[in-house]
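The structure appears below as structure tokens.
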Amino acid sequence: MNEHWQAIWLTLKLAGTTTALLLLLATPLAWWLARSRHWLSQPVAAIVSMPLVLPPTVLGFYLLLLLGPDGPVGALTQTLGLGTLPFTFGGLVVASVIYSLPFAVQPLQNAFAAVPSRMLEVAATLRASPRDRFLSIALPLARPGFLTAAVLSFAHTVGEFGVVLMIGGNIPGETKVLSVAIYDHVETLEYANAHWLSAGLVGFSFAVLLSLYLINGRVNGSAVRP
């Protein structure tokens, strides 16, 4: 049972860290994708969305090559005295950020795209800087998008399996998250333990989806209210 709580804590720690990093990275990227007319915006959007269609094992395999001792990132981290990232918690964070990136970028991109351009133009005529326009107009109006991005990123990270197994392996207390623990119990025919953990994830998934529907319902309700 202690091993179960260890896996739960590691999963929550990974999901929280990943969500925080994703919101920081996805916000400027989503704003650029929503507002830019540059020809690169479409290729970048396609790259961001690739984790939605790529098998997790494919992504995990190439991350192993990239972050491993013979990869360019692995060589850099070793030169800096940081060692290699595969089979460490840091490696899980990097893999999770990449794998869950579209779940943060797309809701934010849609929210930023819905910000009326007229409001930004009026603010510009009042000599508001681009930074002020973003902070005082775009961010408050995009708040529902931030909530959706945070919830989806957190939930998706909790449910990851293939990519975390490929990049992190199965090290208790270091990389053994809930999904990997369930797989181990099933593999060893410990169905009671697998059921206990799986039922918890089912309840968590339902709570996440319910919260998203409630958030969207409140936002839509306030939008149509006279």
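Starting from 1 in every chain, residues are counted up; chains themselves are A, B, ... following the order of the structure tokens, and ligands are numbered from 1 as listed.
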Please produce, as a tab-separated table, a per-residue contact table for range 146-210 of chain A versus range 81-103 of chain A (criterion: any atom at most 12 Å away, only C-alpha atoms considered), showing the nearest atom pair and its distance in Å to one decimal, sorted by chain then residue number.
residue	atom	partner	partner_atom	distance
A:Phe146	CA	A:Phe103	CA	10.8
A:Leu147	CA	A:Phe103	CA	11.5
A:Thr148	CA	A:Phe103	CA	8.7
A:Ala149	CA	A:Phe103	CA	6.1
A:Ala150	CA	A:Phe103	CA	8.5
A:Val151	CA	A:Phe103	CA	9.1
A:Leu152	CA	A:Phe103	CA	6.0
A:Ser153	CA	A:Phe103	CA	5.6
A:Phe154	CA	A:Ser100	CA	8.7
A:Ala155	CA	A:Ser100	CA	9.6
A:His156	CA	A:Ser100	CA	6.6
A:Thr157	CA	A:Ser96	CA	6.3
A:Val158	CA	A:Ser96	CA	9.6
A:Gly159	CA	A:Ser96	CA	10.5
A:Glu160	CA	A:Ser96	CA	7.9
A:Phe161	CA	A:Ser96	CA	10.2
A:Gly162	CA	A:Tyr99	CA	10.4
A:Val163	CA	A:Ala95	CA	6.9
A:Val164	CA	A:Leu92	CA	6.0
A:Leu165	CA	A:Phe87	CA	9.0
A:Met166	CA	A:Phe87	CA	8.6
A:Ile167	CA	A:Pro86	CA	5.3
A:Gly168	CA	A:Phe87	CA	4.0
A:Gly169	CA	A:Phe87	CA	5.8
A:Asn170	CA	A:Phe87	CA	8.1
A:Ile171	CA	A:Phe87	CA	7.7
A:Pro172	CA	A:Thr88	CA	11.0
A:Gly173	CA	A:Phe89	CA	9.3
A:Glu174	CA	A:Phe89	CA	5.9
A:Thr175	CA	A:Phe89	CA	5.8
A:Lys176	CA	A:Phe89	CA	9.4
A:Val177	CA	A:Leu92	CA	9.8
Keeping N, CA, C and O atoms, export the residues of the selection given above as a compact mmCIF listing (two decimals), in the first residue's frame.
# COMPACT_ATOMS: atom_id res chain seq x y z
N PHE A 146 -7.70 29.26 -20.08
CA PHE A 146 -6.64 28.87 -19.14
C PHE A 146 -7.13 27.76 -18.21
O PHE A 146 -6.38 26.82 -17.91
N LEU A 147 -8.37 27.87 -17.74
CA LEU A 147 -8.92 26.83 -16.87
C LEU A 147 -9.00 25.50 -17.61
O LEU A 147 -8.63 24.44 -17.08
N THR A 148 -9.49 25.54 -18.85
CA THR A 148 -9.60 24.32 -19.64
C THR A 148 -8.22 23.73 -19.92
O THR A 148 -8.02 22.51 -19.80
N ALA A 149 -7.27 24.57 -20.29
CA ALA A 149 -5.91 24.10 -20.57
C ALA A 149 -5.28 23.46 -19.33
O ALA A 149 -4.63 22.41 -19.43
N ALA A 150 -5.47 24.08 -18.17
CA ALA A 150 -4.88 23.55 -16.94
C ALA A 150 -5.49 22.20 -16.58
O ALA A 150 -4.78 21.24 -16.25
N VAL A 151 -6.82 22.10 -16.66
CA VAL A 151 -7.50 20.85 -16.29
C VAL A 151 -7.13 19.73 -17.26
O VAL A 151 -6.81 18.61 -16.85
N LEU A 152 -7.17 20.02 -18.56
CA LEU A 152 -6.85 18.99 -19.55
C LEU A 152 -5.39 18.55 -19.46
O LEU A 152 -5.08 17.36 -19.58
N SER A 153 -4.48 19.50 -19.26
CA SER A 153 -3.06 19.16 -19.16
C SER A 153 -2.80 18.29 -17.94
O SER A 153 -2.06 17.28 -18.02
N PHE A 154 -3.39 18.66 -16.82
CA PHE A 154 -3.20 17.88 -15.59
C PHE A 154 -3.76 16.48 -15.76
O PHE A 154 -3.09 15.48 -15.45
N ALA A 155 -4.99 16.38 -16.27
CA ALA A 155 -5.64 15.08 -16.41
C ALA A 155 -4.92 14.20 -17.42
O ALA A 155 -4.76 12.99 -17.21
N HIS A 156 -4.49 14.79 -18.52
CA HIS A 156 -3.79 14.01 -19.55
C HIS A 156 -2.47 13.48 -19.02
O HIS A 156 -2.09 12.34 -19.32
N THR A 157 -1.77 14.27 -18.23
CA THR A 157 -0.51 13.81 -17.65
C THR A 157 -0.74 12.67 -16.67
O THR A 157 0.04 11.71 -16.63
N VAL A 158 -1.81 12.77 -15.88
CA VAL A 158 -2.13 11.69 -14.95
C VAL A 158 -2.35 10.38 -15.69
O VAL A 158 -1.98 9.30 -15.22
N GLY A 159 -2.98 10.44 -16.87
CA GLY A 159 -3.32 9.23 -17.62
C GLY A 159 -2.26 8.73 -18.57
O GLY A 159 -2.48 7.73 -19.26
N GLU A 160 -1.11 9.37 -18.63
CA GLU A 160 -0.06 8.94 -19.55
C GLU A 160 0.45 7.54 -19.19
O GLU A 160 0.57 7.19 -18.03
N PHE A 161 0.78 6.77 -20.23
CA PHE A 161 1.35 5.44 -19.98
C PHE A 161 2.54 5.16 -20.90
O PHE A 161 3.66 5.02 -20.45
N GLY A 162 2.26 5.08 -22.21
CA GLY A 162 3.31 4.64 -23.13
C GLY A 162 4.56 5.49 -23.11
O GLY A 162 5.67 4.97 -23.01
N VAL A 163 4.38 6.80 -23.17
CA VAL A 163 5.55 7.67 -23.25
C VAL A 163 6.33 7.68 -21.93
O VAL A 163 7.57 7.71 -21.94
N VAL A 164 5.63 7.62 -20.79
CA VAL A 164 6.35 7.62 -19.52
C VAL A 164 7.04 6.28 -19.27
O VAL A 164 8.10 6.23 -18.64
N LEU A 165 6.44 5.21 -19.77
CA LEU A 165 7.09 3.90 -19.63
C LEU A 165 8.34 3.84 -20.48
O LEU A 165 9.38 3.29 -20.05
N MET A 166 8.30 4.41 -21.69
CA MET A 166 9.45 4.39 -22.58
C MET A 166 10.59 5.25 -22.05
O MET A 166 11.75 4.84 -22.08
N ILE A 167 10.27 6.43 -21.54
CA ILE A 167 11.32 7.37 -21.14
C ILE A 167 11.71 7.22 -19.67
O ILE A 167 12.81 7.61 -19.28
N GLY A 168 10.80 6.67 -18.86
CA GLY A 168 11.06 6.59 -17.43
C GLY A 168 11.27 5.20 -16.89
O GLY A 168 11.83 5.02 -15.80
N GLY A 169 10.78 4.20 -17.60
CA GLY A 169 10.90 2.85 -17.09
C GLY A 169 9.97 2.61 -15.90
O GLY A 169 8.86 3.13 -15.85
N ASN A 170 10.46 1.86 -14.94
CA ASN A 170 9.63 1.41 -13.83
C ASN A 170 10.45 1.41 -12.54
O ASN A 170 10.74 0.37 -11.96
N ILE A 171 10.83 2.61 -12.10
CA ILE A 171 11.68 2.74 -10.91
C ILE A 171 10.82 3.27 -9.77
O ILE A 171 10.37 4.43 -9.81
N PRO A 172 10.54 2.47 -8.74
CA PRO A 172 9.68 2.92 -7.63
C PRO A 172 10.23 4.18 -6.98
O PRO A 172 11.43 4.29 -6.70
N GLY A 173 9.34 5.15 -6.77
CA GLY A 173 9.73 6.39 -6.12
C GLY A 173 10.41 7.39 -7.03
O GLY A 173 10.63 8.54 -6.65
N GLU A 174 10.74 6.98 -8.25
CA GLU A 174 11.46 7.86 -9.18
C GLU A 174 10.68 8.07 -10.47
O GLU A 174 10.47 9.20 -10.91
N THR A 175 10.22 6.97 -11.08
CA THR A 175 9.50 7.08 -12.36
C THR A 175 8.25 6.21 -12.42
O THR A 175 7.57 6.21 -13.44
N LYS A 176 7.95 5.47 -11.37
CA LYS A 176 6.80 4.54 -11.39
C LYS A 176 5.53 5.30 -11.04
O LYS A 176 5.17 5.45 -9.88
N VAL A 177 4.84 5.78 -12.06
CA VAL A 177 3.60 6.52 -11.87
C VAL A 177 2.43 5.55 -11.82
O VAL A 177 2.58 4.34 -11.97
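One finds CA of Gln106 in chain A at 7.1 Å from CA of Ala30 in chain A.
CA of Ser129 in chain A to CA of Asn110 in chain A spans 22.8 Å [interatomic distance, one decimal].
Counting only C-alpha atoms and comparing A:Ala46, A:Ala15, A:Ala207, A:Leu108, the residue that lies closest to Leu29 in chain A is A:Leu108.
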DSSP on the backbone: what in range 60-181 of chain A comes out alpha helix (DSSP H), as an MDAnalysis selection string?
chainID A and resid 60:67 72:79 89:99 101:113 117:125 130:133 139:141 143:158 162:168 178:181
Please, what distance in Å, to one decimal, runs between CA of Pro51 in chain A and CA of Leu63 in chain A?
12.4 Å
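Shortest separation to Ser49 in chain A among A:Val105, A:Pro116, A:Gln6, A:Ala138 occurs at residue A:Val105, atoms counted being only C-alpha atoms.
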